[in-house]
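These notes concern the structure reproduced below.
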Amino acid sequence: ILNNHLKTQGKLFRPYLTAKLAALFNLKEEEYHHISQAGELIHNASLIHDDVVDQASLRRNRPTLNAHLPNSKAVLAGDYLLASVIANLVSIKKFDTLKTLAEVLEEMVEGEFIQDSLRNKESVTKEDLLKVSSKKTGALIAWNCHSVAKTANQSEEIANLCHELGMKIGLAFQLYDDNIDYSFESGKEYAKDLKEGLINFTTLNLIKLYPELLYPVYQLRGQNFSFIPWTQNQIQKAVDTTKSEIDLIYQEIYQLVDEIVELAGIEKNTLAYNDFITFLKLSEQRTK
Ligand code: FPP
Ligand code: MG
């Protein structure tokens, strides 16, 4: 089941980010490969479980595992993937990597758990969403970046800045993911978050821009609705607001890279540096 499922690869965003950052610190592939691999496989395991939690039938335009298997089998497939990552890190004696990864797993589960509780919260705030997003999306990307810096024997200060970098990339990604929830071309169901009872960042912006939509939107929360109370123009304005927030986060991301490069004494006029910036610019463009 897993071999078949993992063939329909995603964007491999985490392994690319890991490799590009590792190159900046002059690491060889054999030194960081386990970080890329563990991050990507845990990401996939978490999505398999997430699709069960969200009762999602489509991901990346393809049926999810739980769409053609009972939930029990999909959950076990995710468990197996998770166990294989642990077994692999133990077999290559990367105990520190495993310890920090286990802490991240706790955070991801907490993030999903808090998100689930928000389905019944009367009024969801931006702080609620920032907390959930940092745990369920940011923590793993931050772990990839932090682990690379530690593996490259960088200082605690630099490793922490790399962690922050991953957190910000994760948040930008979450904002983008919330935007495409309101797109008809995302490969996922339209307004799935709201149908599943979740107020996301874009929904918050919509309500903030058009307070008259607050009541109708909360009324639809958790319903499999077909009537849409917002106009195309209104949702576009909310999506554009979220895009401006992504712009600001990317400005902070480039500032952080500057700080990291400065502190680590990395030459800016190198292939690795230019490659890293190009990669970030491409990721930024993809979130538009
Ligand atoms: C997608 O969120 C889900 C995540 C980023 C993390 C899910 C985490 C868990 C299920 C807990 C950890 C479990 C394991 C096995 C490591 P989303 O629903 O907002 O995004 P989507 O629209 O892509 O589904
Ligand atoms: Mg989901």
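Simple scheme: letters A, B, ... for chains in structure tokens order, numbers from 1 for residues in each chain, numbers from 1 for ligands in the order shown.
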
request  = Write as a PyMOL selection string the residues around ligand 2, taking 8 Å as the cut-off and counting only C-alpha atoms and all ligand atoms.
outcome  = chain A and resi 47+50-51+53-54+56+193

For N, CA, C and O atoms, I'd like the residues from the last selection saved as an mmCIF file, in the first residue's frame.
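Output contents, as saved in part25.cif:
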```
data_model
loop_
_atom_site.group_PDB
_atom_site.id
_atom_site.type_symbol
_atom_site.label_atom_id
_atom_site.label_comp_id
_atom_site.auth_asym_id
_atom_site.auth_seq_id
_atom_site.Cartn_x
_atom_site.Cartn_y
_atom_site.Cartn_z
ATOM 1 N N LEU A 47 0.273 13.285 6.793
ATOM 2 C CA LEU A 47 -0.820 13.591 5.847
ATOM 3 C C LEU A 47 -1.788 12.419 5.730
ATOM 4 O O LEU A 47 -3.001 12.606 5.599
ATOM 5 N N ASP A 50 -3.788 12.742 8.713
ATOM 6 C CA ASP A 50 -4.593 13.966 8.626
ATOM 7 C C ASP A 50 -5.809 13.766 7.719
ATOM 8 O O ASP A 50 -6.897 14.267 7.996
ATOM 9 N N ASP A 51 -5.603 13.028 6.622
ATOM 10 C CA ASP A 51 -6.726 12.803 5.701
ATOM 11 C C ASP A 51 -7.810 11.939 6.342
ATOM 12 O O ASP A 51 -8.995 12.082 6.020
ATOM 13 N N VAL A 53 -8.372 12.062 9.691
ATOM 14 C CA VAL A 53 -8.986 13.012 10.634
ATOM 15 C C VAL A 53 -9.953 13.949 9.892
ATOM 16 O O VAL A 53 -11.075 14.197 10.339
ATOM 17 N N ASP A 54 -9.499 14.465 8.749
ATOM 18 C CA ASP A 54 -10.305 15.437 7.988
ATOM 19 C C ASP A 54 -11.330 14.772 7.068
ATOM 20 O O ASP A 54 -12.043 15.475 6.347
ATOM 21 N N ALA A 56 -10.818 13.445 4.297
ATOM 22 C CA ALA A 56 -10.567 13.985 2.957
ATOM 23 C C ALA A 56 -10.482 12.838 1.946
ATOM 24 O O ALA A 56 -9.950 11.776 2.250
ATOM 25 N N ASP A 193 -12.081 23.168 4.573
ATOM 26 C CA ASP A 193 -11.820 23.501 5.986
ATOM 27 C C ASP A 193 -13.123 23.897 6.688
ATOM 28 O O ASP A 193 -13.441 23.368 7.747
#
```

task = Within stretch 124-279 of chain A, find each residue whose DSSP state, derived from the backbone, is helix (DSSP H, G or I), and express the selection as a ChimeraX atom specification.
result = /A:126-151,156-180,192-195,201-209,211-220,232-264,271-279

Go ahead and dump the residues you just picked, C-alpha atoms, as a short mmCIF file (atom, residue, chain, number, x, y, z; two decimals), in the first residue's frame.
```
data_model
loop_
_atom_site.label_atom_id
_atom_site.label_comp_id
_atom_site.auth_asym_id
_atom_site.auth_seq_id
_atom_site.Cartn_x
_atom_site.Cartn_y
_atom_site.Cartn_z
CA LYS A 126 -5.58 34.64 14.75
CA GLU A 127 -3.56 33.64 17.84
CA ASP A 128 -5.38 30.27 17.86
CA LEU A 129 -4.46 29.69 14.23
CA LEU A 130 -0.83 30.81 14.70
CA LYS A 131 -0.46 28.32 17.54
CA VAL A 132 -1.94 25.45 15.52
CA SER A 133 0.05 26.27 12.41
CA SER A 134 3.37 26.55 14.26
CA LYS A 135 2.78 23.11 15.77
CA LYS A 136 1.29 21.16 12.90
CA THR A 137 3.18 22.71 9.96
CA GLY A 138 6.03 24.89 11.24
CA ALA A 139 7.58 22.51 13.75
CA LEU A 140 8.64 19.84 11.23
CA ILE A 141 10.11 22.29 8.70
CA ALA A 142 11.86 24.08 11.57
CA TRP A 143 13.22 20.71 12.69
CA ASN A 144 14.68 20.07 9.22
CA CYS A 145 16.45 23.46 9.22
CA HIS A 146 17.59 23.24 12.86
CA SER A 147 18.93 19.69 12.38
CA VAL A 148 20.95 20.76 9.35
CA ALA A 149 22.58 23.59 11.32
CA LYS A 150 23.37 21.27 14.24
CA THR A 151 24.79 18.61 11.91
CA GLU A 156 23.21 27.44 19.07
CA GLU A 157 22.38 30.98 17.92
CA ILE A 158 22.60 30.02 14.23
CA ALA A 159 20.69 26.77 14.81
CA ASN A 160 17.92 28.76 16.52
CA LEU A 161 17.77 31.23 13.63
CA CYS A 162 17.48 28.28 11.24
CA HIS A 163 14.63 26.97 13.40
CA GLU A 164 12.93 30.35 13.12
CA LEU A 165 13.50 30.30 9.36
CA GLY A 166 11.71 26.94 9.11
CA MET A 167 8.86 28.21 11.29
CA LYS A 168 8.33 31.20 9.01
CA ILE A 169 8.49 29.08 5.85
CA GLY A 170 5.91 26.79 7.47
CA LEU A 171 3.61 29.69 8.33
CA ALA A 172 3.85 31.09 4.79
CA PHE A 173 3.01 27.65 3.48
CA GLN A 174 0.02 27.33 5.84
CA LEU A 175 -1.33 30.70 4.70
CA TYR A 176 -1.01 29.55 1.09
CA ASP A 177 -2.70 26.25 1.92
CA ASP A 178 -5.59 28.16 3.53
CA ASN A 179 -5.87 30.35 0.42
CA ILE A 180 -6.07 27.41 -1.97
CA LYS A 192 -13.17 21.90 2.78
CA ASP A 193 -11.82 23.50 5.99
CA LEU A 194 -15.09 25.31 6.70
CA LYS A 195 -17.13 22.22 5.79
CA PHE A 201 -6.49 32.23 8.05
CA THR A 202 -8.31 33.19 4.82
CA THR A 203 -11.72 32.76 6.47
CA LEU A 204 -10.56 35.05 9.30
CA ASN A 205 -9.51 37.67 6.75
CA LEU A 206 -12.86 37.34 4.97
CA ILE A 207 -14.79 37.97 8.19
CA LYS A 208 -12.52 40.84 9.16
CA LEU A 209 -12.99 42.52 5.77
CA PRO A 211 -18.10 41.63 9.25
CA GLU A 212 -21.59 41.02 7.84
CA LEU A 213 -20.31 37.58 6.74
CA LEU A 214 -19.38 36.56 10.31
CA TYR A 215 -22.77 35.10 11.16
CA PRO A 216 -23.41 33.33 7.80
CA VAL A 217 -19.90 31.85 7.78
CA TYR A 218 -20.11 30.52 11.34
CA GLN A 219 -23.57 29.12 10.47
CA LEU A 220 -22.00 27.04 7.69
CA GLN A 232 -16.20 35.87 -5.76
CA ASN A 233 -15.00 39.45 -5.27
CA GLN A 234 -15.17 39.17 -1.47
CA ILE A 235 -13.27 35.91 -1.28
CA GLN A 236 -10.70 37.25 -3.75
CA LYS A 237 -10.11 40.26 -1.44
CA ALA A 238 -9.60 37.89 1.50
CA VAL A 239 -7.19 35.74 -0.55
CA ASP A 240 -5.28 38.90 -1.57
CA THR A 241 -5.01 39.98 2.08
CA THR A 242 -3.56 36.57 2.95
CA LYS A 243 -1.14 36.96 0.02
CA SER A 244 0.06 40.31 1.44
CA GLU A 245 0.70 38.55 4.74
CA ILE A 246 2.75 35.93 2.88
CA ASP A 247 4.75 38.77 1.26
CA LEU A 248 5.59 40.18 4.69
CA ILE A 249 6.64 36.78 5.99
CA TYR A 250 8.95 36.29 3.00
CA GLN A 251 10.57 39.67 3.72
CA GLU A 252 11.31 38.39 7.23
CA ILE A 253 12.59 35.13 5.74
CA TYR A 254 15.16 36.95 3.56
CA GLN A 255 16.23 39.06 6.56
CA LEU A 256 16.75 35.89 8.57
CA VAL A 257 18.84 34.36 5.80
CA ASP A 258 20.97 37.52 5.82
CA GLU A 259 21.49 37.18 9.57
CA ILE A 260 22.36 33.48 9.32
CA VAL A 261 24.79 34.05 6.47
CA GLU A 262 26.45 36.94 8.30
CA LEU A 263 26.81 35.04 11.59
CA ALA A 264 28.07 31.86 9.93
CA LEU A 271 26.70 29.00 -6.00
CA ALA A 272 25.25 27.56 -2.77
CA TYR A 273 24.03 30.98 -1.58
CA ASN A 274 22.49 31.93 -4.93
CA ASP A 275 20.92 28.50 -5.20
CA PHE A 276 19.35 28.85 -1.76
CA ILE A 277 17.92 32.29 -2.52
CA THR A 278 16.61 31.09 -5.91
CA PHE A 279 14.93 28.18 -4.15
#
```

task = Dump the neighbourhood of ligand 1 as a list in words: all residues within 6 Å, distances computed on only C-alpha atoms and all ligand atoms.
result =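 The neighbouring residues of ligand 1 are, in order, Ile42, Ala45, Ser46, Leu47, His49, Asp50, Gly78, Leu82, Leu105, Met108, Val109, Glu112, Lys136 and Thr137 of chain A.
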
Prev. selection, all heavy atoms, output as a CSV table (one decimal), in the first residue's frame:
```csv
chain,number,residue,atom,x,y,z
A,42,ILE,N,8.0,11.5,7.5
A,42,ILE,CA,7.1,11.9,8.6
A,42,ILE,C,5.9,12.8,8.1
A,42,ILE,O,4.8,12.7,8.4
A,42,ILE,CB,7.8,12.6,9.8
A,42,ILE,CG1,8.7,11.6,10.5
A,42,ILE,CG2,6.9,13.3,10.7
A,42,ILE,CD1,8.0,10.5,11.2
A,45,ALA,N,3.5,10.5,6.5
A,45,ALA,CA,2.7,9.8,7.5
A,45,ALA,C,1.7,10.7,8.1
A,45,ALA,O,0.5,10.3,8.3
A,45,ALA,CB,3.7,9.3,8.6
A,46,SER,N,2.1,12.0,8.4
A,46,SER,CA,1.1,12.9,9.0
A,46,SER,C,0.0,13.2,8.1
A,46,SER,O,-1.1,13.4,8.5
A,46,SER,CB,1.9,14.1,9.5
A,46,SER,OG,2.1,15.0,8.5
A,47,LEU,N,0.3,13.3,6.8
A,47,LEU,CA,-0.8,13.6,5.8
A,47,LEU,C,-1.8,12.4,5.7
A,47,LEU,O,-3.0,12.6,5.6
A,47,LEU,CB,-0.3,14.0,4.5
A,47,LEU,CG,0.5,15.3,4.4
A,47,LEU,CD1,0.9,15.6,2.9
A,47,LEU,CD2,-0.3,16.4,5.0
A,49,HIS,N,-2.5,10.4,8.1
A,49,HIS,CA,-3.4,10.4,9.3
A,49,HIS,C,-4.3,11.6,9.2
A,49,HIS,O,-5.5,11.6,9.6
A,49,HIS,CB,-2.5,10.5,10.5
A,49,HIS,CG,-2.0,9.2,11.0
A,49,HIS,ND1,-1.3,9.0,12.1
A,49,HIS,CD2,-2.1,8.0,10.4
A,49,HIS,CE1,-0.9,7.7,12.2
A,49,HIS,NE2,-1.4,7.1,11.2
A,50,ASP,N,-3.8,12.7,8.7
A,50,ASP,CA,-4.6,14.0,8.6
A,50,ASP,C,-5.8,13.8,7.7
A,50,ASP,O,-6.9,14.3,8.0
A,50,ASP,CB,-3.7,15.1,8.1
A,50,ASP,CG,-4.5,16.4,7.9
A,50,ASP,OD1,-4.9,17.0,8.9
A,50,ASP,OD2,-4.8,16.8,6.8
A,78,GLY,N,0.0,4.7,8.0
A,78,GLY,CA,0.7,5.9,8.5
A,78,GLY,C,1.5,5.5,9.7
A,78,GLY,O,2.7,5.9,9.8
A,82,LEU,N,5.7,5.8,10.1
A,82,LEU,CA,6.3,6.5,11.3
A,82,LEU,C,7.3,5.5,11.9
A,82,LEU,O,8.4,5.9,12.3
A,82,LEU,CB,5.1,6.9,12.2
A,82,LEU,CG,5.4,7.4,13.6
A,82,LEU,CD1,6.2,8.7,13.5
A,82,LEU,CD2,4.1,7.6,14.4
A,105,LEU,N,7.1,15.4,16.8
A,105,LEU,CA,5.9,14.6,16.6
A,105,LEU,C,4.8,14.9,17.7
A,105,LEU,O,3.7,15.0,17.4
A,105,LEU,CB,6.3,13.1,16.7
A,105,LEU,CG,7.0,12.6,15.5
A,105,LEU,CD1,7.5,11.2,15.7
A,105,LEU,CD2,6.1,12.6,14.2
A,108,MET,N,3.2,18.1,16.7
A,108,MET,CA,2.3,18.0,15.6
A,108,MET,C,1.0,17.4,16.0
A,108,MET,O,-0.1,17.8,15.6
A,108,MET,CB,2.9,17.1,14.5
A,108,MET,CG,4.1,17.7,13.8
A,108,MET,SD,4.9,16.6,12.7
A,108,MET,CE,3.8,16.5,11.3
A,109,VAL,N,1.1,16.4,16.9
A,109,VAL,CA,-0.2,15.8,17.4
A,109,VAL,C,-0.9,16.8,18.2
A,109,VAL,O,-2.2,17.0,18.1
A,109,VAL,CB,0.1,14.5,18.3
A,109,VAL,CG1,-1.1,14.0,18.9
A,109,VAL,CG2,0.8,13.4,17.4
A,112,GLU,N,-2.7,19.2,15.9
A,112,GLU,CA,-3.9,18.6,15.3
A,112,GLU,C,-5.0,18.6,16.4
A,112,GLU,O,-6.2,18.8,16.1
A,112,GLU,CB,-3.7,17.2,14.8
A,112,GLU,CG,-3.0,17.1,13.5
A,112,GLU,CD,-4.0,17.3,12.3
A,112,GLU,OE1,-4.9,16.5,12.1
A,112,GLU,OE2,-3.8,18.2,11.6
A,136,LYS,N,1.6,22.2,13.9
A,136,LYS,CA,1.3,21.2,12.9
A,136,LYS,C,2.1,21.3,11.6
A,136,LYS,O,2.4,20.3,11.0
A,136,LYS,CB,-0.2,21.0,12.6
A,136,LYS,CG,-0.8,22.0,11.8
A,136,LYS,CD,-2.2,21.6,11.3
A,136,LYS,CE,-2.6,22.5,10.1
A,136,LYS,NZ,-3.9,22.4,9.6
A,137,THR,N,2.5,22.5,11.2
A,137,THR,CA,3.2,22.7,10.0
A,137,THR,C,4.6,23.2,10.2
A,137,THR,O,5.6,22.7,9.6
A,137,THR,CB,2.4,23.7,9.0
A,137,THR,OG1,1.1,23.4,9.0
A,137,THR,CG2,3.0,23.7,7.6
```

request  = Have a look at atom CA of A:Gln115 and atom CA of A:Gly39 and let me know their distance in Å, one decimal.
outcome  =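 Computing it gives 21.7 Å between the two atoms.
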
request  = Give the answer as one residue: which of A:Ser186, A:Ser283, A:Pro229, A:Gly111 has the shortest atom-to-atom distance to A:Phe13, using only C-alpha atoms?
outcome  =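 Going through A:Ser186, A:Ser283, A:Pro229, A:Gly111 one by one, the smallest distance to A:Phe13 is for A:Ser283.
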
inquiry  = Would you compute the distance between atom CA of A:Gln154 and atom CA of A:Asp96? Give it in Å to one decimal.
reply    =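 Distance between the two atoms: 15.3 Å.
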
Quick one: everything within 9 Å of A:Ile1, counting only C-alpha atoms, minus sequence neighbours fewer than 3 positions away in the same chain. Send it as a PDB file with all heavy atoms, in the first residue's frame.
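Result went into part.pdb, see below:
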```pdb
ATOM      1  N   ASN A   4       2.973   1.937  -3.233  1.00  0.00           N
ATOM      2  CA  ASN A   4       2.111   2.492  -4.255  1.00  0.00           C
ATOM      3  C   ASN A   4       1.777   3.947  -3.960  1.00  0.00           C
ATOM      4  O   ASN A   4       1.858   4.819  -4.827  1.00  0.00           O
ATOM      5  CB  ASN A   4       0.831   1.643  -4.292  1.00  0.00           C
ATOM      6  CG  ASN A   4       0.198   1.723  -5.651  1.00  0.00           C
ATOM      7  OD1 ASN A   4       0.877   2.061  -6.613  1.00  0.00           O
ATOM      8  ND2 ASN A   4      -1.085   1.444  -5.716  1.00  0.00           N
ATOM      9  N   HIS A   5       1.450   4.221  -2.694  1.00  0.00           N
ATOM     10  CA  HIS A   5       1.023   5.558  -2.286  1.00  0.00           C
ATOM     11  C   HIS A   5       2.162   6.576  -2.447  1.00  0.00           C
ATOM     12  O   HIS A   5       1.953   7.687  -2.930  1.00  0.00           O
ATOM     13  CB  HIS A   5       0.556   5.519  -0.836  1.00  0.00           C
ATOM     14  CG  HIS A   5       0.038   6.828  -0.351  1.00  0.00           C
ATOM     15  ND1 HIS A   5      -1.155   7.360  -0.803  1.00  0.00           N
ATOM     16  CD2 HIS A   5       0.546   7.724   0.526  1.00  0.00           C
ATOM     17  CE1 HIS A   5      -1.348   8.527  -0.212  1.00  0.00           C
ATOM     18  NE2 HIS A   5      -0.333   8.776   0.595  1.00  0.00           N
ATOM     19  N   LEU A   6       3.369   6.182  -2.035  1.00  0.00           N
ATOM     20  CA  LEU A   6       4.479   7.147  -2.050  1.00  0.00           C
ATOM     21  C   LEU A   6       5.018   7.405  -3.462  1.00  0.00           C
ATOM     22  O   LEU A   6       5.791   8.338  -3.672  1.00  0.00           O
ATOM     23  CB  LEU A   6       5.602   6.690  -1.118  1.00  0.00           C
ATOM     24  CG  LEU A   6       5.219   6.677   0.372  1.00  0.00           C
ATOM     25  CD1 LEU A   6       6.356   6.135   1.222  1.00  0.00           C
ATOM     26  CD2 LEU A   6       4.822   8.067   0.855  1.00  0.00           C
ATOM     27  N   LEU A  65      -5.514   7.742   0.768  1.00  0.00           N
ATOM     28  CA  LEU A  65      -5.519   6.320   1.142  1.00  0.00           C
ATOM     29  C   LEU A  65      -6.871   5.927   1.728  1.00  0.00           C
ATOM     30  O   LEU A  65      -7.418   4.866   1.404  1.00  0.00           O
ATOM     31  CB  LEU A  65      -4.420   6.035   2.172  1.00  0.00           C
ATOM     32  CG  LEU A  65      -3.068   5.547   1.660  1.00  0.00           C
ATOM     33  CD1 LEU A  65      -2.223   5.051   2.822  1.00  0.00           C
ATOM     34  CD2 LEU A  65      -3.229   4.430   0.632  1.00  0.00           C
ATOM     35  N   ALA A  77      -1.241   2.180   8.020  1.00  0.00           N
ATOM     36  CA  ALA A  77      -0.208   2.477   7.016  1.00  0.00           C
ATOM     37  C   ALA A  77       0.630   3.672   7.482  1.00  0.00           C
ATOM     38  O   ALA A  77       1.866   3.659   7.397  1.00  0.00           O
ATOM     39  CB  ALA A  77      -0.852   2.757   5.657  1.00  0.00           C
TER      40      ALA A  77
END
```

ask   = Between atom CA of A:Ser226 and atom CA of A:Glu185, what is the distance, to one decimal in Å?
value =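 Between atom CA of A:Ser226 and atom CA of A:Glu185 the gap works out to 17.2 Å.
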
key: Closest of A:Ala152, A:Asn88, A:Thr64, A:Lys121 to A:Glu29 - atom-to-atom distances counting only C-alpha atoms   = A:Ala152

ask   = For A:Lys20, which residue among A:Thr8, A:Ser36, A:Glu110, A:Arg59 is the nearest when counting only C-alpha atoms?
value =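 With only C-alpha atoms as the atom set, the closest residue is A:Ser36.
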
Exercise: A:Glu40 partners within 8 Å, only C-alpha atoms, chain neighbours under 5 positions left out, as a PDB file with C-alpha atoms, in the first residue's frame:
```pdb
ATOM      1  CA  LEU A  12       9.495  17.119  -2.090  1.00  0.00           C
ATOM      2  CA  ARG A  14      11.258  19.554   2.662  1.00  0.00           C
ATOM      3  CA  PRO A  15      14.073  17.481   1.113  1.00  0.00           C
TER       4      PRO A  15
END
```

request  = Identify which of the residues A:Leu280, A:Asp181, A:Glu122, A:Glu267 lies closest to A:Tyr16, counting only C-alpha atoms when measuring atom-to-atom distances.
outcome  =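 Looking at the shortest contact to A:Tyr16, the residue is A:Leu280.
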